[in-house]
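Visitor: Pasting entry_15.cif here (mmCIF, N, CA and C atoms):
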```
data_upload
#
loop_
_atom_site.label_atom_id
_atom_site.label_comp_id
_atom_site.auth_asym_id
_atom_site.auth_seq_id
_atom_site.Cartn_x
_atom_site.Cartn_y
_atom_site.Cartn_z
N MET A 686 27.74 -19.19 -67.48
CA MET A 686 28.59 -20.29 -67.80
C MET A 686 29.07 -20.92 -66.49
N ALA A 687 28.88 -22.17 -66.35
CA ALA A 687 29.24 -22.90 -65.14
C ALA A 687 30.69 -23.31 -65.20
N ILE A 688 31.33 -23.14 -64.07
CA ILE A 688 32.74 -23.54 -64.00
C ILE A 688 32.78 -24.99 -63.58
N LYS A 689 33.57 -25.76 -64.27
CA LYS A 689 33.72 -27.16 -63.97
C LYS A 689 34.66 -27.32 -62.79
N LYS A 690 34.26 -28.19 -61.83
CA LYS A 690 35.10 -28.42 -60.67
C LYS A 690 36.16 -29.46 -61.01
N SER A 691 37.29 -29.24 -60.47
CA SER A 691 38.37 -30.20 -60.70
C SER A 691 38.17 -31.39 -59.77
N ARG A 692 38.90 -32.45 -60.04
CA ARG A 692 38.79 -33.66 -59.23
C ARG A 692 39.23 -33.37 -57.78
N LYS A 693 40.26 -32.59 -57.62
CA LYS A 693 40.74 -32.28 -56.28
C LYS A 693 39.69 -31.50 -55.49
N LEU A 694 39.02 -30.59 -56.16
CA LEU A 694 37.99 -29.80 -55.51
C LEU A 694 36.80 -30.66 -55.12
N LYS A 695 36.39 -31.58 -56.01
CA LYS A 695 35.30 -32.50 -55.70
C LYS A 695 35.66 -33.38 -54.51
N LYS A 696 36.88 -33.86 -54.49
CA LYS A 696 37.36 -34.73 -53.42
C LYS A 696 37.37 -33.95 -52.09
N ALA A 697 37.77 -32.70 -52.14
CA ALA A 697 37.80 -31.87 -50.93
C ALA A 697 36.39 -31.59 -50.44
N ASP A 698 35.44 -31.37 -51.36
CA ASP A 698 34.05 -31.15 -50.97
C ASP A 698 33.46 -32.39 -50.30
N LYS A 699 33.77 -33.58 -50.84
CA LYS A 699 33.28 -34.83 -50.25
C LYS A 699 33.85 -35.00 -48.84
N ALA A 700 35.13 -34.70 -48.67
CA ALA A 700 35.76 -34.83 -47.36
C ALA A 700 35.13 -33.85 -46.37
N LEU A 701 34.83 -32.65 -46.84
CA LEU A 701 34.20 -31.65 -45.99
C LEU A 701 32.80 -32.08 -45.59
N ASP A 702 32.04 -32.64 -46.53
CA ASP A 702 30.70 -33.13 -46.21
C ASP A 702 30.76 -34.29 -45.20
N ALA A 703 31.71 -35.18 -45.38
CA ALA A 703 31.86 -36.30 -44.46
C ALA A 703 32.23 -35.80 -43.06
N ALA A 704 33.10 -34.83 -43.01
CA ALA A 704 33.49 -34.26 -41.72
C ALA A 704 32.31 -33.57 -41.05
N ALA A 705 31.49 -32.89 -41.84
CA ALA A 705 30.30 -32.22 -41.30
C ALA A 705 29.32 -33.24 -40.74
N LYS A 706 29.15 -34.37 -41.42
CA LYS A 706 28.26 -35.43 -40.93
C LYS A 706 28.78 -36.01 -39.62
N LEU A 707 30.09 -36.26 -39.56
CA LEU A 707 30.68 -36.79 -38.33
C LEU A 707 30.51 -35.80 -37.17
N LEU A 708 30.68 -34.54 -37.46
CA LEU A 708 30.52 -33.52 -36.45
C LEU A 708 29.09 -33.48 -35.93
N MET A 709 28.13 -33.60 -36.83
CA MET A 709 26.72 -33.60 -36.42
C MET A 709 26.41 -34.81 -35.54
N LYS A 710 26.97 -35.99 -35.91
CA LYS A 710 26.76 -37.19 -35.11
C LYS A 710 27.36 -37.01 -33.72
N ALA A 711 28.55 -36.45 -33.67
CA ALA A 711 29.22 -36.23 -32.39
C ALA A 711 28.43 -35.25 -31.52
N GLU A 712 27.89 -34.22 -32.13
CA GLU A 712 27.10 -33.25 -31.38
C GLU A 712 25.82 -33.88 -30.84
N LYS A 713 25.17 -34.73 -31.65
CA LYS A 713 23.96 -35.42 -31.19
C LYS A 713 24.29 -36.34 -30.01
N LYS A 714 25.41 -37.05 -30.12
CA LYS A 714 25.82 -37.96 -29.05
C LYS A 714 26.11 -37.17 -27.78
N ARG A 715 26.81 -36.05 -27.91
CA ARG A 715 27.12 -35.20 -26.76
C ARG A 715 25.84 -34.69 -26.10
N ASP A 716 24.89 -34.26 -26.94
CA ASP A 716 23.62 -33.75 -26.42
C ASP A 716 22.85 -34.83 -25.66
N SER A 717 22.86 -36.06 -26.20
CA SER A 717 22.13 -37.14 -25.52
C SER A 717 22.82 -37.50 -24.19
N ILE A 718 24.15 -37.49 -24.16
CA ILE A 718 24.88 -37.76 -22.92
C ILE A 718 24.59 -36.67 -21.89
N LEU A 719 24.61 -35.42 -22.34
CA LEU A 719 24.31 -34.31 -21.43
C LEU A 719 22.89 -34.41 -20.88
N ALA A 720 21.95 -34.81 -21.73
CA ALA A 720 20.57 -34.95 -21.28
C ALA A 720 20.45 -36.05 -20.22
N ARG A 721 21.15 -37.19 -20.42
CA ARG A 721 21.13 -38.29 -19.44
C ARG A 721 21.73 -37.84 -18.11
N GLU A 722 22.87 -37.16 -18.18
CA GLU A 722 23.53 -36.71 -16.97
C GLU A 722 22.68 -35.68 -16.22
N LYS A 723 22.02 -34.81 -16.97
CA LYS A 723 21.15 -33.82 -16.35
C LYS A 723 19.98 -34.51 -15.65
N ALA A 724 19.43 -35.55 -16.29
CA ALA A 724 18.33 -36.29 -15.68
C ALA A 724 18.79 -36.97 -14.38
N LYS A 725 20.00 -37.53 -14.37
CA LYS A 725 20.54 -38.16 -13.16
C LYS A 725 20.68 -37.13 -12.04
N LEU A 726 21.23 -35.98 -12.39
CA LEU A 726 21.42 -34.94 -11.38
C LEU A 726 20.09 -34.43 -10.85
N ASP A 727 19.10 -34.30 -11.74
CA ASP A 727 17.79 -33.86 -11.31
C ASP A 727 17.18 -34.85 -10.32
N LYS A 728 17.37 -36.15 -10.58
CA LYS A 728 16.86 -37.17 -9.66
C LYS A 728 17.53 -37.04 -8.30
N LYS A 729 18.85 -36.83 -8.29
CA LYS A 729 19.57 -36.69 -7.03
C LYS A 729 19.07 -35.48 -6.26
N VAL A 730 18.87 -34.37 -6.99
CA VAL A 730 18.39 -33.15 -6.34
C VAL A 730 17.00 -33.38 -5.76
N ASP A 731 16.15 -34.07 -6.51
CA ASP A 731 14.81 -34.36 -6.01
C ASP A 731 14.85 -35.23 -4.76
N LYS A 732 15.73 -36.25 -4.76
CA LYS A 732 15.86 -37.12 -3.59
C LYS A 732 16.33 -36.33 -2.38
N ARG A 733 17.30 -35.46 -2.59
CA ARG A 733 17.81 -34.65 -1.48
C ARG A 733 16.73 -33.71 -0.96
N ALA A 734 15.96 -33.14 -1.87
CA ALA A 734 14.88 -32.24 -1.46
C ALA A 734 13.84 -33.02 -0.66
N ASP A 735 13.54 -34.25 -1.09
CA ASP A 735 12.59 -35.08 -0.35
C ASP A 735 13.11 -35.40 1.05
N ARG A 736 14.41 -35.74 1.14
CA ARG A 736 15.01 -36.03 2.44
C ARG A 736 14.96 -34.81 3.35
N LYS A 737 15.28 -33.65 2.79
CA LYS A 737 15.25 -32.44 3.60
C LYS A 737 13.83 -32.13 4.05
N ALA A 738 12.87 -32.37 3.18
CA ALA A 738 11.48 -32.12 3.56
C ALA A 738 11.06 -33.07 4.67
N LYS A 739 11.47 -34.33 4.58
CA LYS A 739 11.14 -35.30 5.63
C LYS A 739 11.83 -34.93 6.93
N ASP A 740 13.11 -34.53 6.84
CA ASP A 740 13.85 -34.15 8.03
C ASP A 740 13.29 -32.87 8.65
N ALA A 741 12.82 -31.98 7.81
CA ALA A 741 12.31 -30.70 8.30
C ALA A 741 11.00 -30.88 9.05
N LYS A 742 10.15 -31.79 8.64
CA LYS A 742 8.87 -32.00 9.31
C LYS A 742 9.07 -32.47 10.75
N PRO A 743 9.87 -33.52 11.02
CA PRO A 743 10.08 -33.91 12.41
C PRO A 743 10.81 -32.86 13.22
N ALA A 744 11.69 -32.11 12.59
CA ALA A 744 12.44 -31.09 13.30
C ALA A 744 11.52 -29.96 13.78
N LYS A 745 10.46 -29.67 13.04
CA LYS A 745 9.54 -28.61 13.43
C LYS A 745 8.76 -29.00 14.68
N LYS A 746 8.37 -30.28 14.80
CA LYS A 746 7.60 -30.71 15.96
C LYS A 746 8.41 -30.56 17.25
N PRO A 747 9.64 -31.08 17.32
CA PRO A 747 10.41 -30.88 18.54
C PRO A 747 10.71 -29.40 18.79
N ALA A 748 10.85 -28.63 17.73
CA ALA A 748 11.13 -27.20 17.90
C ALA A 748 9.96 -26.53 18.60
N SER A 749 8.72 -26.94 18.28
CA SER A 749 7.57 -26.34 18.93
C SER A 749 7.51 -26.76 20.38
N LYS A 750 7.93 -27.99 20.69
CA LYS A 750 7.97 -28.44 22.08
C LYS A 750 9.03 -27.67 22.84
N SER A 751 10.19 -27.48 22.21
CA SER A 751 11.26 -26.75 22.88
C SER A 751 10.90 -25.27 23.00
N ALA A 752 10.04 -24.79 22.11
CA ALA A 752 9.62 -23.39 22.19
C ALA A 752 8.78 -23.18 23.44
N THR A 753 8.01 -24.19 23.84
CA THR A 753 7.25 -24.06 25.07
C THR A 753 8.17 -24.13 26.28
N LYS A 754 9.27 -24.85 26.17
CA LYS A 754 10.24 -24.96 27.25
C LYS A 754 11.18 -23.76 27.27
N ALA A 755 11.35 -23.09 26.17
CA ALA A 755 12.31 -21.99 26.06
C ALA A 755 12.00 -20.83 27.01
N PRO A 756 10.73 -20.42 27.23
CA PRO A 756 10.49 -19.32 28.16
C PRO A 756 10.97 -19.64 29.58
N ALA A 757 10.88 -20.89 30.00
CA ALA A 757 11.36 -21.25 31.33
C ALA A 757 12.88 -21.15 31.39
N ALA A 758 13.55 -21.51 30.32
CA ALA A 758 15.00 -21.47 30.29
C ALA A 758 15.53 -20.06 30.03
N ALA A 759 14.73 -19.20 29.40
CA ALA A 759 15.18 -17.87 29.04
C ALA A 759 15.54 -17.02 30.26
N PRO A 760 14.78 -17.01 31.36
CA PRO A 760 15.18 -16.20 32.50
C PRO A 760 16.50 -16.65 33.12
N ALA A 761 16.82 -17.94 33.02
CA ALA A 761 18.07 -18.43 33.61
C ALA A 761 19.29 -17.89 32.86
N LYS A 762 19.18 -17.72 31.57
CA LYS A 762 20.31 -17.24 30.79
C LYS A 762 20.68 -15.79 31.13
N PRO A 763 19.73 -14.84 31.24
CA PRO A 763 20.13 -13.49 31.61
C PRO A 763 20.73 -13.43 33.01
N ALA A 764 20.29 -14.28 33.92
CA ALA A 764 20.85 -14.27 35.27
C ALA A 764 22.30 -14.71 35.23
N ALA A 765 22.63 -15.64 34.33
CA ALA A 765 24.00 -16.11 34.24
C ALA A 765 24.90 -15.07 33.55
N ALA A 766 24.34 -14.28 32.67
CA ALA A 766 25.13 -13.31 31.94
C ALA A 766 25.73 -12.22 32.84
N PRO A 767 24.98 -11.64 33.79
CA PRO A 767 25.60 -10.64 34.67
C PRO A 767 26.68 -11.23 35.56
N ALA A 768 26.60 -12.51 35.87
CA ALA A 768 27.63 -13.13 36.71
C ALA A 768 28.97 -13.14 36.01
N LYS A 769 28.98 -13.27 34.71
CA LYS A 769 30.24 -13.31 33.97
C LYS A 769 31.03 -12.00 34.09
N PRO A 770 30.40 -10.82 33.93
CA PRO A 770 31.18 -9.60 34.08
C PRO A 770 31.75 -9.45 35.49
N GLU A 771 31.01 -9.88 36.53
CA GLU A 771 31.53 -9.80 37.88
C GLU A 771 32.79 -10.66 38.01
N THR A 772 32.75 -11.86 37.42
CA THR A 772 33.89 -12.76 37.46
C THR A 772 35.07 -12.11 36.72
N LYS A 773 34.77 -11.46 35.62
CA LYS A 773 35.83 -10.82 34.85
C LYS A 773 36.44 -9.67 35.64
N SER A 774 35.61 -8.91 36.37
CA SER A 774 36.17 -7.80 37.14
C SER A 774 37.01 -8.32 38.29
N ALA A 775 36.59 -9.45 38.90
CA ALA A 775 37.39 -10.05 39.96
C ALA A 775 38.69 -10.58 39.38
N ALA A 776 38.62 -11.16 38.20
CA ALA A 776 39.83 -11.67 37.56
C ALA A 776 40.73 -10.53 37.12
N ALA A 777 40.15 -9.37 36.82
CA ALA A 777 40.95 -8.24 36.39
C ALA A 777 41.73 -7.66 37.56
N THR A 778 41.15 -7.69 38.77
CA THR A 778 41.87 -7.15 39.92
C THR A 778 42.95 -8.11 40.41
N LYS A 779 42.65 -9.41 40.39
CA LYS A 779 43.62 -10.41 40.82
C LYS A 779 43.71 -11.53 39.79
N PRO A 780 44.34 -11.30 38.64
CA PRO A 780 44.33 -12.32 37.59
C PRO A 780 45.12 -13.57 37.97
N ALA A 781 46.24 -13.44 38.62
CA ALA A 781 47.07 -14.61 38.92
C ALA A 781 46.43 -15.43 40.02
N ALA A 782 45.90 -14.80 41.05
CA ALA A 782 45.32 -15.53 42.17
C ALA A 782 44.04 -16.23 41.75
N ALA A 783 43.23 -15.60 40.89
CA ALA A 783 41.97 -16.20 40.47
C ALA A 783 42.21 -17.34 39.50
N ALA A 784 43.23 -17.24 38.68
CA ALA A 784 43.47 -18.26 37.67
C ALA A 784 44.03 -19.53 38.28
N LYS A 785 44.91 -19.43 39.26
CA LYS A 785 45.55 -20.63 39.83
C LYS A 785 44.57 -21.53 40.57
N PRO A 786 43.71 -21.02 41.45
CA PRO A 786 42.78 -21.93 42.12
C PRO A 786 41.79 -22.56 41.15
N ALA A 787 41.37 -21.84 40.14
CA ALA A 787 40.42 -22.41 39.17
C ALA A 787 41.06 -23.57 38.43
N THR A 788 42.34 -23.45 38.07
CA THR A 788 43.01 -24.54 37.37
C THR A 788 43.29 -25.68 38.31
N ALA A 789 43.58 -25.38 39.55
CA ALA A 789 43.88 -26.44 40.50
C ALA A 789 42.65 -27.29 40.75
N THR A 790 41.49 -26.66 40.88
CA THR A 790 40.27 -27.45 41.11
C THR A 790 39.87 -28.18 39.84
N ALA A 791 40.11 -27.57 38.69
CA ALA A 791 39.74 -28.24 37.43
C ALA A 791 40.74 -29.33 37.09
N ALA A 792 41.99 -29.19 37.52
CA ALA A 792 43.01 -30.16 37.16
C ALA A 792 42.96 -31.41 38.03
N LYS A 793 42.37 -31.31 39.24
CA LYS A 793 42.36 -32.45 40.14
C LYS A 793 40.94 -32.90 40.49
N PRO A 794 40.13 -33.25 39.48
CA PRO A 794 38.81 -33.79 39.81
C PRO A 794 38.97 -35.25 40.22
N ALA A 795 37.97 -35.77 40.91
CA ALA A 795 38.01 -37.16 41.34
C ALA A 795 37.75 -38.06 40.14
N PHE A 796 38.64 -39.02 39.92
CA PHE A 796 38.48 -39.95 38.82
C PHE A 796 38.11 -41.31 39.41
N SER A 797 37.30 -42.04 38.67
CA SER A 797 36.91 -43.38 39.12
C SER A 797 36.85 -44.31 37.93
N ALA A 798 36.48 -45.54 38.17
CA ALA A 798 36.40 -46.53 37.10
C ALA A 798 35.28 -46.21 36.13
N SER A 799 34.38 -45.30 36.53
CA SER A 799 33.30 -44.94 35.62
C SER A 799 33.77 -44.04 34.49
N ASN A 800 34.94 -43.41 34.66
CA ASN A 800 35.49 -42.60 33.59
C ASN A 800 36.02 -43.49 32.48
N THR A 801 35.93 -43.00 31.25
CA THR A 801 36.45 -43.77 30.12
C THR A 801 37.95 -43.58 30.01
N VAL A 802 38.60 -44.47 29.29
CA VAL A 802 40.04 -44.37 29.09
C VAL A 802 40.37 -43.08 28.37
N ALA A 803 39.53 -42.70 27.41
CA ALA A 803 39.77 -41.45 26.67
C ALA A 803 39.74 -40.25 27.61
N GLU A 804 38.77 -40.21 28.52
CA GLU A 804 38.70 -39.11 29.47
C GLU A 804 39.93 -39.10 30.38
N LEU A 805 40.33 -40.28 30.82
CA LEU A 805 41.50 -40.38 31.69
C LEU A 805 42.77 -39.95 30.96
N ARG A 806 42.87 -40.31 29.70
CA ARG A 806 44.05 -39.91 28.92
C ARG A 806 44.10 -38.40 28.72
N GLU A 807 42.92 -37.79 28.47
CA GLU A 807 42.88 -36.33 28.32
C GLU A 807 43.31 -35.64 29.61
N ALA A 808 42.83 -36.19 30.74
CA ALA A 808 43.20 -35.61 32.03
C ALA A 808 44.69 -35.80 32.30
N ALA A 809 45.21 -36.98 31.95
CA ALA A 809 46.63 -37.24 32.14
C ALA A 809 47.47 -36.31 31.28
N LYS A 810 47.02 -36.06 30.07
CA LYS A 810 47.74 -35.14 29.18
C LYS A 810 47.74 -33.74 29.77
N ALA A 811 46.57 -33.33 30.31
CA ALA A 811 46.46 -32.00 30.90
C ALA A 811 47.33 -31.87 32.15
N ASN A 812 47.48 -32.96 32.88
CA ASN A 812 48.28 -32.94 34.11
C ASN A 812 49.76 -33.22 33.87
N GLY A 813 50.13 -33.51 32.64
CA GLY A 813 51.53 -33.71 32.31
C GLY A 813 52.06 -35.09 32.66
N VAL A 814 51.18 -36.09 32.67
CA VAL A 814 51.61 -37.45 32.95
C VAL A 814 52.30 -37.99 31.71
N SER A 815 53.52 -38.52 31.88
CA SER A 815 54.24 -39.02 30.72
C SER A 815 53.81 -40.45 30.41
N GLY A 816 53.76 -40.79 29.15
CA GLY A 816 53.41 -42.14 28.70
C GLY A 816 51.94 -42.46 28.86
N TYR A 817 51.09 -41.44 28.92
CA TYR A 817 49.66 -41.67 29.15
C TYR A 817 48.99 -42.47 28.04
N SER A 818 49.50 -42.37 26.81
CA SER A 818 48.81 -43.02 25.69
C SER A 818 48.96 -44.53 25.71
N SER A 819 50.00 -45.03 26.36
CA SER A 819 50.19 -46.48 26.38
C SER A 819 49.77 -47.12 27.70
N LYS A 820 49.31 -46.32 28.65
CA LYS A 820 48.92 -46.84 29.96
C LYS A 820 47.51 -47.41 29.93
N THR A 821 47.29 -48.36 30.84
CA THR A 821 45.95 -48.95 30.96
C THR A 821 45.09 -48.04 31.83
N LYS A 822 43.82 -48.40 31.94
CA LYS A 822 42.89 -47.59 32.71
C LYS A 822 43.32 -47.57 34.18
N ALA A 823 43.72 -48.72 34.71
CA ALA A 823 44.15 -48.79 36.11
C ALA A 823 45.40 -47.95 36.33
N GLN A 824 46.33 -48.01 35.41
CA GLN A 824 47.56 -47.22 35.53
C GLN A 824 47.25 -45.72 35.47
N LEU A 825 46.32 -45.36 34.60
CA LEU A 825 45.94 -43.94 34.49
C LEU A 825 45.27 -43.46 35.78
N LEU A 826 44.40 -44.31 36.36
CA LEU A 826 43.75 -43.95 37.62
C LEU A 826 44.78 -43.75 38.72
N ASP A 827 45.78 -44.65 38.77
CA ASP A 827 46.85 -44.51 39.77
C ASP A 827 47.65 -43.23 39.55
N ALA A 828 47.95 -42.93 38.32
CA ALA A 828 48.75 -41.75 38.01
C ALA A 828 47.99 -40.46 38.32
N LEU A 829 46.69 -40.47 38.14
CA LEU A 829 45.90 -39.27 38.36
C LEU A 829 45.47 -39.09 39.82
N SER A 830 45.59 -40.15 40.65
CA SER A 830 45.17 -40.00 42.04
C SER A 830 46.24 -39.42 42.90
#
```
Represent the structure from my file as structure tokens, please.

Guide:
Amino acid sequence: MAIKKSRKLKKADKALDAAAKLLMKAEKKRDSILAREKAKLDKKVDKRADRKAKDAKPAKKPASKSATKAPAAAPAKPAAAPAKPETKSAAATKPAAAAKPATATAAKPAFSASNTVAELREAAKANGVSGYSSKTKAQLLDALS
């Protein structure tokens, strides 16, 4: 024996079916948007991979040229490395005396018009010149000489 549905139950079933249809439409729309966005991202990734491949090819050629030059430069580096510990041992015995002359020679290099304003300002800052940021190149040269 079949049970007869009431009007309220039929109305609720219709609303449920309508909601299910709307949900399916929304899911299809979401899936299509996700597919488009994924395709865009894949294109970007492919472009970046192509750029990296192009950049990598020219980089390999100079690397092979520098590899032929590297053996000539390699002996110079080990020779410089032992000099550093000697300097450190000299600095360890006389740290104050070794530090002051090094700073004095580094702090008073010869400046000329060939130096840029930025270089002169950095030197003025290091030497404690006041108002260096607003001074002209000529004023900075005078202050540093």

Visitor: Rounded to one decimal in Å, what is the spacing between CA of Lys739 (chain A) and CA of Lys723 (chain A)?

Guide: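 Distance between the two atoms: 24.2 Å.
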
Visitor: Give as a list in words the set of residues within 6.5 Å of the point (46.7, -45.1, 35.4), where distances use the file's coordinates and all atoms listed in the file.

Guide: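 Selection result: Lys820, Thr821, Lys822, Ala823, Gln824, Leu825, Leu826, Asp827, Ala828 and Leu829 of chain A.
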
Visitor: When you draw a straight line from CA of Lys706 (chain A) to CA of Ser691 (chain A), how long is it in Å?

Guide: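 Interatomic distance, CA of Lys706 (chain A) to CA of Ser691 (chain A): 22.8 Å.
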
Visitor: Go ahead and compute the interatomic distance for CA of Asp698 (chain A) and atom N of Arg715 (chain A), in Å to one decimal.

Guide: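 That distance, rounded to one decimal, is 24.7 Å.
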
Visitor: Any idea what's packed within 8 Å of Tyr817 (chain A), counting all atoms listed in the file, ignoring anything in its chain fewer than 5 positions away? Could you give it as a PDB file with N, CA and C atoms, in the coordinates of the input?

Guide:
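Saved the output as result-v2.pdb:
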```
ATOM      1  N   LEU A 805      40.330 -40.280  30.820  1.00  0.00           N
ATOM      2  CA  LEU A 805      41.500 -40.380  31.690  1.00  0.00           C
ATOM      3  C   LEU A 805      42.770 -39.950  30.960  1.00  0.00           C
ATOM      4  N   ARG A 806      42.870 -40.310  29.700  1.00  0.00           N
ATOM      5  CA  ARG A 806      44.050 -39.910  28.920  1.00  0.00           C
ATOM      6  C   ARG A 806      44.100 -38.400  28.720  1.00  0.00           C
ATOM      7  N   GLU A 807      42.920 -37.790  28.470  1.00  0.00           N
ATOM      8  CA  GLU A 807      42.880 -36.330  28.320  1.00  0.00           C
ATOM      9  C   GLU A 807      43.310 -35.640  29.610  1.00  0.00           C
ATOM     10  N   ALA A 809      45.210 -36.980  31.950  1.00  0.00           N
ATOM     11  CA  ALA A 809      46.630 -37.240  32.140  1.00  0.00           C
ATOM     12  C   ALA A 809      47.470 -36.310  31.280  1.00  0.00           C
ATOM     13  N   LYS A 810      47.020 -36.060  30.070  1.00  0.00           N
ATOM     14  CA  LYS A 810      47.740 -35.140  29.180  1.00  0.00           C
ATOM     15  C   LYS A 810      47.740 -33.740  29.770  1.00  0.00           C
ATOM     16  N   GLN A 824      46.330 -48.010  35.410  1.00  0.00           N
ATOM     17  CA  GLN A 824      47.560 -47.220  35.530  1.00  0.00           C
ATOM     18  C   GLN A 824      47.250 -45.720  35.470  1.00  0.00           C
ATOM     19  N   LEU A 825      46.320 -45.360  34.600  1.00  0.00           N
ATOM     20  CA  LEU A 825      45.940 -43.940  34.490  1.00  0.00           C
ATOM     21  C   LEU A 825      45.270 -43.460  35.780  1.00  0.00           C
TER      22      LEU A 825
END
```
